[in-house]
file upload14.txt (compact mmCIF, C-alpha atoms)
# COMPACT_ATOMS: atom_id res chain seq x y z
CA MET A 2 -18.48 -17.24 12.89
CA PRO A 3 -17.30 -14.55 10.43
CA LEU A 4 -15.25 -17.32 8.79
CA TYR A 5 -18.35 -19.46 8.32
CA ALA A 6 -20.15 -16.53 6.71
CA ARG A 7 -17.22 -15.97 4.38
CA ALA A 8 -17.03 -19.64 3.35
CA LEU A 9 -20.79 -19.74 2.76
CA ALA A 10 -20.64 -16.57 0.63
CA ALA A 11 -17.97 -18.26 -1.53
CA LEU A 12 -20.18 -21.36 -1.91
CA GLU A 13 -23.18 -19.17 -2.76
CA SER A 14 -21.22 -17.36 -5.49
CA GLN A 15 -20.36 -20.81 -6.92
CA GLY A 16 -24.08 -21.49 -7.21
CA ARG A 17 -24.21 -24.09 -4.42
CA PHE A 18 -27.51 -24.67 -2.58
CA VAL A 19 -26.55 -27.21 0.07
CA VAL A 20 -23.35 -27.85 2.03
CA SER A 21 -22.42 -30.63 4.47
CA SER A 22 -20.88 -29.85 7.85
CA LYS A 23 -17.82 -31.82 6.68
CA GLU A 24 -17.33 -29.65 3.61
CA LEU A 25 -17.95 -26.41 5.50
CA GLY A 26 -15.51 -27.61 8.14
CA GLU A 27 -12.81 -28.22 5.55
CA ALA A 28 -13.34 -24.72 4.14
CA VAL A 29 -12.67 -23.09 7.51
CA ALA A 30 -10.21 -25.68 8.89
CA VAL A 31 -12.53 -26.81 11.71
CA SER A 32 -13.85 -30.31 12.48
CA ASP A 33 -17.37 -31.13 11.28
CA ALA A 34 -18.33 -31.95 14.88
CA GLN A 35 -17.31 -28.40 15.86
CA ILE A 36 -19.32 -26.96 12.95
CA ARG A 37 -22.45 -28.82 14.08
CA LYS A 38 -21.87 -27.63 17.65
CA ASP A 39 -21.28 -23.98 16.66
CA LEU A 40 -24.25 -23.80 14.36
CA ALA A 41 -26.56 -25.67 16.70
CA TYR A 42 -26.08 -22.78 19.12
CA PHE A 43 -27.74 -20.46 16.60
CA GLY A 44 -30.73 -22.69 16.01
CA ARG A 45 -31.55 -25.56 13.70
CA PHE A 46 -30.24 -25.00 10.20
CA GLY A 47 -29.13 -28.44 9.12
CA LYS A 48 -30.98 -31.66 8.58
CA GLN A 49 -29.35 -34.96 9.43
CA GLY A 50 -27.78 -36.40 6.28
CA ARG A 51 -28.96 -33.57 4.07
CA GLY A 52 -26.56 -30.73 4.88
CA TYR A 53 -27.20 -27.04 5.39
CA ASP A 54 -29.21 -24.75 3.13
CA VAL A 55 -26.44 -22.36 2.00
CA GLN A 56 -28.64 -19.32 1.40
CA LYS A 57 -30.71 -19.68 4.58
CA LEU A 58 -27.68 -20.24 6.81
CA LEU A 59 -25.77 -17.36 5.21
CA ASP A 60 -28.71 -14.93 5.64
CA GLU A 61 -29.13 -15.94 9.27
CA LEU A 62 -25.40 -15.69 10.05
CA ARG A 63 -25.20 -12.27 8.39
CA ARG A 64 -28.16 -11.08 10.45
CA ILE A 65 -26.68 -12.44 13.68
CA LEU A 66 -23.21 -11.03 12.99
CA GLY A 67 -24.50 -7.66 11.84
CA LEU A 68 -23.06 -8.16 8.36
CA ASN A 69 -26.31 -7.28 6.60
CA ARG A 70 -25.82 -3.55 7.10
CA GLN A 71 -23.33 -0.74 6.56
CA TRP A 72 -20.90 0.17 9.35
CA ARG A 73 -19.45 3.68 9.40
CA MET A 74 -15.85 4.12 10.52
CA THR A 75 -13.56 7.03 11.33
CA LEU A 76 -9.79 6.90 10.82
CA VAL A 77 -7.32 8.75 13.05
CA GLY A 78 -3.81 8.96 11.62
CA THR A 79 -3.07 9.46 7.92
CA GLY A 80 0.64 8.66 7.87
CA ARG A 81 1.99 5.86 5.68
CA LEU A 82 -0.03 3.21 7.55
CA GLY A 83 -3.23 5.30 7.63
CA ARG A 84 -3.02 5.96 3.91
CA ALA A 85 -2.58 2.22 3.25
CA ILE A 86 -5.72 1.60 5.35
CA LEU A 87 -7.64 4.23 3.34
CA GLY A 88 -6.52 2.50 0.15
CA TYR A 89 -7.47 -1.00 1.36
CA GLU A 90 -10.09 -2.38 -0.98
CA GLY A 91 -11.37 -5.13 1.31
CA PHE A 92 -13.55 -2.98 3.59
CA SER A 93 -16.34 -1.66 1.38
CA PRO A 94 -17.46 -4.98 -0.20
CA GLN A 95 -18.06 -6.21 3.38
CA GLY A 96 -20.09 -3.16 4.40
CA PHE A 97 -17.35 -1.20 6.21
CA ARG A 98 -16.88 2.40 5.09
CA ILE A 99 -14.37 4.99 6.34
CA VAL A 100 -16.24 8.32 6.38
CA HIS A 101 -13.70 10.67 8.01
CA ALA A 102 -9.93 10.92 8.36
CA PHE A 103 -8.05 12.90 11.02
CA ASP A 104 -4.42 13.86 11.48
CA SER A 105 -2.51 16.14 13.84
CA ASP A 106 0.12 17.04 11.21
CA VAL A 107 -0.64 20.51 9.81
CA GLY A 108 1.00 19.38 6.57
CA MET A 109 -1.75 16.74 6.14
CA ILE A 110 -4.80 18.72 7.31
CA GLY A 111 -7.01 19.83 4.42
CA LYS A 112 -5.42 17.40 1.98
CA ASP A 113 -7.46 14.89 0.03
CA VAL A 114 -6.48 11.29 0.80
CA GLY A 115 -8.37 8.45 -0.86
CA GLY A 116 -11.35 10.75 -1.55
CA LEU A 117 -11.58 12.10 2.02
CA THR A 118 -10.49 15.51 3.30
CA VAL A 119 -8.12 15.16 6.26
CA HIS A 120 -9.44 16.98 9.36
CA SER A 121 -7.48 18.20 12.34
CA THR A 122 -7.52 15.81 15.32
CA GLU A 123 -8.65 18.87 17.33
CA ASP A 124 -12.01 18.52 15.57
CA ILE A 125 -12.62 14.84 16.49
CA GLU A 126 -15.30 15.62 19.11
CA LYS A 127 -17.05 18.24 16.97
CA LEU A 128 -17.19 16.15 13.79
CA LEU A 129 -18.17 12.91 15.55
CA SER A 130 -21.03 14.62 17.41
CA GLU A 131 -22.38 16.00 14.10
CA ASP A 132 -21.73 12.80 12.16
CA PRO A 133 -21.41 9.77 14.48
CA VAL A 134 -19.75 6.51 13.44
CA ASP A 135 -19.78 2.94 14.76
CA ILE A 136 -16.09 2.07 14.65
CA GLY A 137 -12.82 3.94 15.16
CA ILE A 138 -9.60 2.96 13.39
CA VAL A 139 -6.46 4.17 15.16
CA ALA A 140 -3.21 4.43 13.17
CA VAL A 141 -1.38 7.14 15.14
CA PRO A 142 2.13 7.03 16.66
CA ALA A 143 2.40 4.87 19.80
CA GLU A 144 2.78 7.81 22.20
CA THR A 145 -0.60 9.36 21.30
CA ALA A 146 -2.56 6.09 20.89
CA GLN A 147 -4.15 5.88 24.35
CA ASN A 148 -5.18 9.56 24.27
CA VAL A 149 -6.84 9.19 20.85
CA ILE A 150 -8.61 5.99 21.92
CA ASP A 151 -9.89 7.67 25.11
CA ARG A 152 -11.30 10.53 23.05
CA LEU A 153 -13.03 8.19 20.58
CA VAL A 154 -14.58 6.26 23.48
CA LYS A 155 -15.83 9.54 25.01
CA CYS A 156 -17.46 10.31 21.64
CA GLY A 157 -19.53 7.13 22.06
CA ILE A 158 -17.54 4.78 19.83
CA ARG A 159 -17.89 1.17 21.06
CA ALA A 160 -15.51 -0.64 18.70
CA ILE A 161 -11.86 0.20 18.01
CA LEU A 162 -9.49 -1.31 15.47
CA ASN A 163 -6.05 -0.58 16.94
CA TYR A 164 -3.19 -0.55 14.40
CA THR A 165 -0.71 0.93 16.89
CA PRO A 166 1.90 -1.20 18.70
CA VAL A 167 0.27 -0.21 22.00
CA THR A 168 -1.75 -2.29 24.47
CA ALA A 169 -4.37 0.39 25.05
CA HIS A 170 -7.03 0.33 27.76
CA VAL A 171 -10.75 0.63 27.06
CA PRO A 172 -13.84 0.30 29.28
CA ASP A 173 -15.49 -3.14 29.47
CA ASP A 174 -18.32 -2.13 27.16
CA VAL A 175 -15.91 -1.20 24.35
CA GLN A 176 -14.56 -3.82 21.91
CA MET A 177 -10.99 -3.45 20.72
CA LYS A 178 -9.04 -5.58 18.24
CA ARG A 179 -5.38 -5.17 17.41
CA ILE A 180 -3.82 -5.43 14.00
CA ASP A 181 -0.14 -5.87 14.69
CA PRO A 182 1.89 -8.04 12.30
CA VAL A 183 4.96 -7.96 14.57
CA LEU A 184 2.93 -9.40 17.45
CA SER A 185 1.69 -12.15 15.13
CA LEU A 186 5.27 -12.90 14.02
CA GLN A 187 6.48 -12.98 17.61
CA GLY A 188 3.71 -15.44 18.40
CA MET A 189 5.25 -17.80 15.81
CA THR A 190 8.98 -17.41 16.45
CA TYR A 191 8.67 -19.16 19.81
CA HIS A 192 7.43 -22.28 18.02
CA LEU A 193 10.02 -21.93 15.22
CA LYS A 194 12.76 -21.79 17.81
CA ALA A 195 11.36 -24.83 19.63
CA ALA A 196 11.08 -26.80 16.38
CA SER A 197 14.65 -26.06 15.31
CA GLY A 198 15.94 -26.77 18.80
CA ALA A 199 17.84 -23.48 18.68
CA MET B 3 4.36 -13.34 26.10
CA PRO B 4 5.40 -11.04 23.20
CA LEU B 5 3.32 -8.34 24.94
CA TYR B 6 5.30 -8.76 28.17
CA ALA B 7 8.56 -8.43 26.24
CA ARG B 8 7.28 -5.28 24.58
CA ALA B 9 6.17 -3.70 27.88
CA LEU B 10 9.49 -4.59 29.51
CA ALA B 11 11.44 -3.07 26.59
CA ALA B 12 9.47 0.17 27.08
CA LEU B 13 10.28 0.16 30.81
CA GLU B 14 13.96 -0.53 30.06
CA SER B 15 14.12 2.41 27.66
CA GLN B 16 12.69 4.58 30.46
CA GLY B 17 15.65 3.54 32.60
CA ARG B 18 13.63 1.35 35.00
CA PHE B 19 15.39 -1.49 36.82
CA VAL B 20 12.54 -3.16 38.72
CA VAL B 21 8.84 -3.64 37.97
CA SER B 22 6.03 -5.08 40.10
CA SER B 23 3.65 -7.71 38.70
CA LYS B 24 0.85 -5.17 39.28
CA GLU B 25 2.52 -2.51 37.13
CA LEU B 26 3.49 -4.98 34.40
CA GLY B 27 -0.08 -6.29 34.46
CA GLU B 28 -1.50 -2.80 33.95
CA ALA B 29 0.84 -2.25 30.99
CA VAL B 30 -0.48 -5.32 29.18
CA ALA B 31 -4.07 -5.25 30.52
CA VAL B 32 -3.72 -8.54 32.45
CA SER B 33 -4.25 -9.20 36.19
CA ASP B 34 -1.13 -9.31 38.37
CA ALA B 35 -2.12 -12.83 39.46
CA GLN B 36 -2.02 -13.89 35.79
CA ILE B 37 1.39 -12.21 35.34
CA ARG B 38 2.81 -14.15 38.29
CA LYS B 39 1.33 -17.36 36.92
CA ASP B 40 2.61 -16.80 33.36
CA LEU B 41 6.10 -15.86 34.44
CA ALA B 42 6.34 -18.59 37.07
CA TYR B 43 6.05 -21.04 34.19
CA PHE B 44 9.31 -19.73 32.77
CA GLY B 45 11.20 -20.00 36.06
CA ARG B 46 11.71 -17.76 39.06
CA PHE B 47 12.29 -14.16 38.07
CA GLY B 48 10.53 -12.19 40.78
CA LYS B 49 11.08 -11.92 44.47
CA GLN B 50 8.12 -11.57 46.82
CA GLY B 51 7.54 -7.88 47.52
CA ARG B 52 10.50 -6.72 45.45
CA GLY B 53 9.27 -7.01 41.86
CA TYR B 54 10.99 -8.31 38.75
CA ASP B 55 14.45 -7.34 37.52
CA VAL B 56 13.52 -5.63 34.21
CA GLN B 57 16.75 -6.38 32.35
CA LYS B 58 17.02 -10.02 33.47
CA LEU B 59 13.38 -10.80 32.72
CA LEU B 60 13.55 -9.07 29.33
CA ASP B 61 16.71 -10.94 28.29
CA GLU B 62 15.19 -14.26 29.33
CA LEU B 63 11.86 -13.59 27.57
CA ARG B 64 13.66 -12.52 24.39
CA ARG B 65 15.73 -15.71 24.47
CA ILE B 66 12.66 -17.89 25.06
CA LEU B 67 10.59 -16.16 22.38
CA GLY B 68 13.41 -16.10 19.83
CA LEU B 69 13.45 -12.30 19.78
CA ASN B 70 17.20 -12.06 20.37
CA ARG B 71 18.01 -12.89 16.76
CA GLN B 72 17.23 -11.87 13.19
CA TRP B 73 14.44 -13.63 11.29
CA ARG B 74 14.54 -13.64 7.49
CA MET B 75 11.28 -13.35 5.59
CA THR B 76 10.15 -13.65 1.99
CA LEU B 77 7.18 -11.73 0.57
CA VAL B 78 4.95 -13.11 -2.18
CA GLY B 79 2.70 -10.47 -3.79
CA THR B 80 3.81 -6.89 -4.44
CA GLY B 81 0.45 -5.32 -5.23
CA ARG B 82 -0.84 -2.40 -3.19
CA LEU B 83 -0.95 -4.47 0.01
CA GLY B 84 2.46 -6.08 -0.58
CA ARG B 85 4.07 -2.70 -1.18
CA ALA B 86 2.54 -1.38 2.06
CA ILE B 87 4.04 -4.41 3.86
CA LEU B 88 7.46 -3.69 2.29
CA GLY B 89 7.16 -0.10 3.49
CA TYR B 90 6.12 -1.05 7.04
CA GLU B 91 8.74 0.30 9.42
CA GLY B 92 7.79 -1.88 12.40
CA PHE B 93 9.49 -5.12 11.28
CA SER B 94 13.23 -4.36 11.28
CA PRO B 95 13.50 -2.84 14.80
CA GLN B 96 12.07 -6.15 16.08
CA GLY B 97 14.50 -8.32 14.12
CA PHE B 98 12.25 -9.21 11.15
CA ARG B 99 13.68 -8.52 7.71
CA ILE B 100 12.10 -9.10 4.29
CA VAL B 101 14.88 -10.34 2.02
CA HIS B 102 13.02 -11.22 -1.21
CA ALA B 103 9.86 -10.13 -2.98
CA PHE B 104 7.98 -12.13 -5.61
CA ASP B 105 5.15 -11.31 -7.99
CA SER B 106 3.48 -13.06 -10.91
CA ASP B 107 2.72 -9.80 -12.74
CA VAL B 108 5.25 -9.32 -15.56
CA GLY B 109 4.78 -5.56 -15.12
CA MET B 110 6.23 -5.83 -11.58
CA ILE B 111 9.04 -8.36 -12.16
CA GLY B 112 12.48 -6.74 -12.20
CA LYS B 113 11.23 -3.54 -10.58
CA ASP B 114 12.77 -2.18 -7.42
CA VAL B 115 10.25 -1.98 -4.56
CA GLY B 116 11.41 -0.76 -1.16
CA GLY B 117 15.04 -1.61 -1.99
CA LEU B 118 14.28 -5.16 -3.23
CA THR B 119 14.17 -6.41 -6.82
CA VAL B 120 10.85 -8.14 -7.54
CA HIS B 121 11.37 -11.74 -8.72
CA SER B 122 8.99 -13.90 -10.72
CA THR B 123 6.89 -16.27 -8.59
CA GLU B 124 8.17 -18.99 -10.97
CA ASP B 125 11.55 -18.63 -9.23
CA ILE B 126 10.26 -19.16 -5.64
CA GLU B 127 11.71 -22.69 -5.32
CA LYS B 128 15.04 -21.78 -6.92
CA LEU B 129 15.65 -18.64 -4.89
CA LEU B 130 14.50 -20.13 -1.58
CA SER B 131 16.76 -23.17 -2.00
CA GLU B 132 19.76 -20.88 -2.62
CA ASP B 133 18.80 -18.38 0.07
CA PRO B 134 16.43 -19.93 2.64
CA VAL B 135 14.22 -17.86 4.94
CA ASP B 136 12.34 -18.56 8.19
CA ILE B 137 9.00 -16.92 7.46
CA GLY B 138 6.79 -16.40 4.40
CA ILE B 139 4.47 -13.41 4.02
CA VAL B 140 1.61 -14.00 1.59
CA ALA B 141 -0.16 -11.00 0.06
CA VAL B 142 -1.45 -12.48 -3.20
CA PRO B 143 -5.02 -12.51 -4.57
CA ALA B 144 -7.38 -14.94 -2.79
CA GLU B 145 -7.52 -17.43 -5.68
CA THR B 146 -3.77 -18.13 -5.67
CA ALA B 147 -3.23 -18.02 -1.88
CA GLN B 148 -3.43 -21.76 -1.15
CA ASN B 149 -1.13 -22.62 -4.05
CA VAL B 150 1.51 -20.09 -2.96
CA ILE B 151 1.31 -21.27 0.65
CA ASP B 152 1.71 -24.92 -0.44
CA ARG B 153 4.81 -23.99 -2.41
CA LEU B 154 6.36 -22.06 0.48
CA VAL B 155 5.73 -25.01 2.82
CA LYS B 156 7.39 -27.37 0.32
CA CYS B 157 10.41 -25.04 0.36
CA GLY B 158 10.73 -25.74 4.08
CA ILE B 159 9.11 -22.59 5.47
CA ARG B 160 7.52 -23.31 8.86
CA ALA B 161 5.81 -19.97 9.59
CA ILE B 162 3.39 -18.08 7.35
CA LEU B 163 1.90 -14.64 7.82
CA ASN B 164 -1.27 -14.77 5.70
CA TYR B 165 -2.58 -11.36 4.57
CA THR B 166 -5.10 -12.90 2.14
CA PRO B 167 -8.81 -13.23 2.97
CA VAL B 168 -8.46 -17.02 2.65
CA THR B 169 -8.58 -19.74 5.32
CA ALA B 170 -5.62 -21.68 3.95
CA HIS B 171 -4.56 -25.15 5.04
CA VAL B 172 -1.07 -25.95 6.31
CA PRO B 173 0.45 -29.12 7.83
CA ASP B 174 0.41 -29.42 11.63
CA ASP B 175 4.10 -28.54 11.93
CA VAL B 176 3.62 -25.19 10.15
CA GLN B 177 2.50 -22.07 12.03
CA MET B 178 0.17 -19.68 10.26
CA LYS B 179 -1.24 -16.36 11.47
CA ARG B 180 -3.77 -14.26 9.61
CA ILE B 181 -3.76 -10.51 9.28
CA ASP B 182 -7.27 -9.67 8.16
CA PRO B 183 -8.79 -6.40 9.36
CA VAL B 184 -12.23 -7.30 7.98
CA LEU B 185 -12.30 -10.48 10.06
CA SER B 186 -11.37 -8.42 13.14
CA LEU B 187 -14.16 -5.93 12.37
CA GLN B 188 -16.67 -8.74 11.87
CA GLY B 189 -15.63 -10.13 15.24
CA MET B 190 -16.76 -6.85 16.81
CA THR B 191 -19.98 -6.06 14.93
CA TYR B 192 -21.76 -8.98 16.57
CA HIS B 193 -21.19 -7.34 19.95
CA LEU B 194 -22.04 -3.86 18.64
CA LYS B 195 -25.33 -5.20 17.35
CA ALA B 196 -26.09 -6.92 20.65
CA ALA B 197 -25.25 -3.74 22.64
CA SER B 198 -27.47 -1.51 20.52
CA GLY B 199 -30.26 -4.08 20.60
CA ALA B 200 -30.53 -3.73 16.80
call {"tool": "encode", "arguments": {"input": "upload14.txt", "output": "structure tokens"}}
result
Amino acid sequence: MPLYARALAALESQGRFVVSSKELGEAVAVSDAQIRKDLAYFGRFGKQGRGYDVQKLLDELRRILGLNRQWRMTLVGTGRLGRAILGYEGFSPQGFRIVHAFDSDVGMIGKDVGGLTVHSTEDIEKLLSEDPVDIGIVAVPAETAQNVIDRLVKCGIRAILNYTPVTAHVPDDVQMKRIDPVLSLQGMTYHLKAASGA
Amino acid sequence: MPLYARALAALESQGRFVVSSKELGEAVAVSDAQIRKDLAYFGRFGKQGRGYDVQKLLDELRRILGLNRQWRMTLVGTGRLGRAILGYEGFSPQGFRIVHAFDSDVGMIGKDVGGLTVHSTEDIEKLLSEDPVDIGIVAVPAETAQNVIDRLVKCGIRAILNYTPVTAHVPDDVQMKRIDPVLSLQGMTYHLKAASGA
């Protein structure tokens, strides 16, 4: 679904008004039958033989996916990876804004990184109760990951983006997604090996 | 499967010899029934009531997944994101090594970034034919992503790690995984919205 919204936004910026399920399918590498099935679930947007109204479908998808609003995020961990996350330019155009940064390293606390003052991880509970966020981004060393995630969940955060190499545990009502390039690579090497017969 | 290997490596480094399917399941957030099912597929490692031999299972999983060897990678795009990828310390301990870096920006070409000399993207075909790699990492601007991926595929690369915000197309015999934190966030906001009733 987020992919559909992204493809539609690209079409909109090209000044397109109507798109066929076939063309939308090609843009997101999905069959047009699958497109019709997925979008049918969200109501009737398309007309047989006429295609989808780009603007209408995009507005509706954005509303359904919660992309028509700002989401506030907190970042824990301002090491090399955390600083790269703070410098990532892809978040804000999509409505995602990092509003605090925390670190446990006394050498980092108080410093300005990417326009934010780094707070001590000891102040996570205090700051998040005064200034709540929707999403927590965790970029701490593996050994402290579960502890940090537990604390964010206790602060009421219901969505975690986990950049650590750890399979952390969260309650059923908390969403967690991992960003782990090594895991992605390891998911491909099995097939590479099989293909080469090695 | 890569998650099992990672959990087993952690147990091995703690000096453990045997692990139960229940304990391994907890480490990767999977039911012990699923563990037994997954591992049964790869042959008989466990003994009823005795658990799995950590070292034996880890060696076998590494062999099956192709984690017992070095994988050579090439990076295209040495902007802010590409430089963060070059600086990422998680690849080499897992056997993944970036051996070339390319950029189309004349201001970057010839520079040393993370110990590698940046080559012109014009030289992709030449350098990859002299010095082939297994995996391509793409961190170029969205508008050039498909073109770069097509060129890497033509050079014989069969696995692509795509850091661009683009749904690129690859032949069926090429693996591609996306690393896109915004897509991961958008996959969670739908649920956040539903939970808050907003």
call {"tool": "atom_distance", "arguments": {"input": "upload14.txt", "atom1": "atom CA of A:Ala143", "atom2": "atom CA of B:Asp40"}}
result
25.6 Å
call {"tool": "interface_residues", "arguments": {"input": "upload14.txt", "of": "chain A", "to": "chain B", "cutoff": "9 Å", "atoms": "all atoms listed in the file", "output": "number ranges by chain"}}
result
A: 2-4, 7-8, 27-30, 65-68, 72, 81-82, 85, 88-89, 91-92, 95, 97, 135-136, 159-162, 166-170, 174-196, 199
call {"tool": "residues_around", "arguments": {"input": "upload14.txt", "residues": "B:Val56", "least_positions_apart": "6", "cutoff": "9 Å", "atoms": "all atoms listed in the file", "output": "list of chain:residue names"}}
result
B:Leu10, B:Ala11, B:Leu13, B:Glu14, B:Arg18, B:Phe19, B:Val20, B:Val21
call {"tool": "atom_distance", "arguments": {"input": "upload14.txt", "atom1": "atom CA of B:Tyr6", "atom2": "atom CA of A:Glu144"}}
result
17.8 Å
call {"tool": "residues_near_point", "arguments": {"input": "upload14.txt", "point": "(-12.8, 5.4, 19.1)", "cutoff": "8 Å", "atoms": "only C-alpha atoms", "output": "list in words"}}
result
Thr75, Ile136, Gly137, Ile138, Val139, Val149, Ile150, Asp151, Arg152, Leu153, Val154, Lys155, Cys156, Gly157, Ile158, Arg159, Ala160 and Ile161 of chain A
call {"tool": "write_last_selection", "arguments": {"input": "upload14.txt", "atoms": "C-alpha atoms", "output": "compact mmCIF listing (two decimals), in the coordinates of the input"}}
result
# COMPACT_ATOMS: atom_id res chain seq x y z
CA THR A 75 -13.56 7.03 11.33
CA ILE A 136 -16.09 2.07 14.65
CA GLY A 137 -12.82 3.94 15.16
CA ILE A 138 -9.60 2.96 13.39
CA VAL A 139 -6.46 4.17 15.16
CA VAL A 149 -6.84 9.19 20.85
CA ILE A 150 -8.61 5.99 21.92
CA ASP A 151 -9.89 7.67 25.11
CA ARG A 152 -11.30 10.53 23.05
CA LEU A 153 -13.03 8.19 20.58
CA VAL A 154 -14.58 6.26 23.48
CA LYS A 155 -15.83 9.54 25.01
CA CYS A 156 -17.46 10.31 21.64
CA GLY A 157 -19.53 7.13 22.06
CA ILE A 158 -17.54 4.78 19.83
CA ARG A 159 -17.89 1.17 21.06
CA ALA A 160 -15.51 -0.64 18.70
CA ILE A 161 -11.86 0.20 18.01
call {"tool": "atom_distance", "arguments": {"input": "upload14.txt", "atom1": "atom CA of B:Ser106", "atom2": "atom CA of B:Gly79"}}
result
7.6 Å
call {"tool": "decode", "arguments": {"input": "upload14.txt", "residues": "stretch 102-114 of chain B", "atoms": "N, CA, C and O atoms", "output": "mmCIF file, in the first residue's frame"}}
result
data_model
loop_
_atom_site.group_PDB
_atom_site.id
_atom_site.type_symbol
_atom_site.label_atom_id
_atom_site.label_comp_id
_atom_site.auth_asym_id
_atom_site.auth_seq_id
_atom_site.Cartn_x
_atom_site.Cartn_y
_atom_site.Cartn_z
ATOM 1 N N HIS B 102 34.525 -1.894 -4.306
ATOM 2 C CA HIS B 102 34.647 -0.680 -5.128
ATOM 3 C C HIS B 102 33.536 0.288 -4.774
ATOM 4 O O HIS B 102 32.481 -0.117 -4.299
ATOM 5 N N ALA B 103 33.796 1.554 -5.107
ATOM 6 C CA ALA B 103 32.774 2.597 -4.959
ATOM 7 C C ALA B 103 32.762 3.434 -6.227
ATOM 8 O O ALA B 103 33.812 3.750 -6.780
ATOM 9 N N PHE B 104 31.542 3.739 -6.700
ATOM 10 C CA PHE B 104 31.386 4.535 -7.919
ATOM 11 C C PHE B 104 30.532 5.775 -7.638
ATOM 12 O O PHE B 104 29.615 5.730 -6.804
ATOM 13 N N ASP B 105 30.806 6.835 -8.380
ATOM 14 C CA ASP B 105 29.929 8.007 -8.333
ATOM 15 C C ASP B 105 29.983 8.714 -9.677
ATOM 16 O O ASP B 105 30.959 8.574 -10.415
ATOM 17 N N SER B 106 28.911 9.448 -9.995
ATOM 18 C CA SER B 106 28.900 10.182 -11.263
ATOM 19 C C SER B 106 29.342 11.634 -11.065
ATOM 20 O O SER B 106 29.565 12.356 -12.031
ATOM 21 N N ASP B 107 29.484 12.046 -9.809
ATOM 22 C CA ASP B 107 29.851 13.430 -9.494
ATOM 23 C C ASP B 107 31.360 13.600 -9.656
ATOM 24 O O ASP B 107 32.140 12.966 -8.948
ATOM 25 N N VAL B 108 31.770 14.478 -10.598
ATOM 26 C CA VAL B 108 33.210 14.657 -10.843
ATOM 27 C C VAL B 108 33.924 15.151 -9.584
ATOM 28 O O VAL B 108 35.117 14.910 -9.402
ATOM 29 N N GLY B 109 33.192 15.809 -8.687
ATOM 30 C CA GLY B 109 33.791 16.269 -7.435
ATOM 31 C C GLY B 109 34.150 15.128 -6.489
ATOM 32 O O GLY B 109 34.970 15.295 -5.584
ATOM 33 N N MET B 110 33.518 13.956 -6.684
ATOM 34 C CA MET B 110 33.791 12.793 -5.819
ATOM 35 C C MET B 110 34.833 11.840 -6.426
ATOM 36 O O MET B 110 35.553 11.155 -5.701
ATOM 37 N N ILE B 111 34.867 11.781 -7.775
ATOM 38 C CA ILE B 111 35.711 10.794 -8.459
ATOM 39 C C ILE B 111 37.189 11.021 -8.119
ATOM 40 O O ILE B 111 37.660 12.151 -8.164
ATOM 41 N N GLY B 112 37.870 9.934 -7.764
ATOM 42 C CA GLY B 112 39.280 10.022 -7.402
ATOM 43 C C GLY B 112 39.511 10.214 -5.914
ATOM 44 O O GLY B 112 40.610 9.985 -5.418
ATOM 45 N N LYS B 113 38.453 10.633 -5.203
ATOM 46 C CA LYS B 113 38.592 10.831 -3.752
ATOM 47 C C LYS B 113 38.668 9.495 -3.021
ATOM 48 O O LYS B 113 38.188 8.478 -3.506
ATOM 49 N N ASP B 114 39.244 9.532 -1.849
ATOM 50 C CA ASP B 114 39.304 8.351 -0.994
ATOM 51 C C ASP B 114 38.154 8.432 0.009
ATOM 52 O O ASP B 114 38.024 9.411 0.742
#
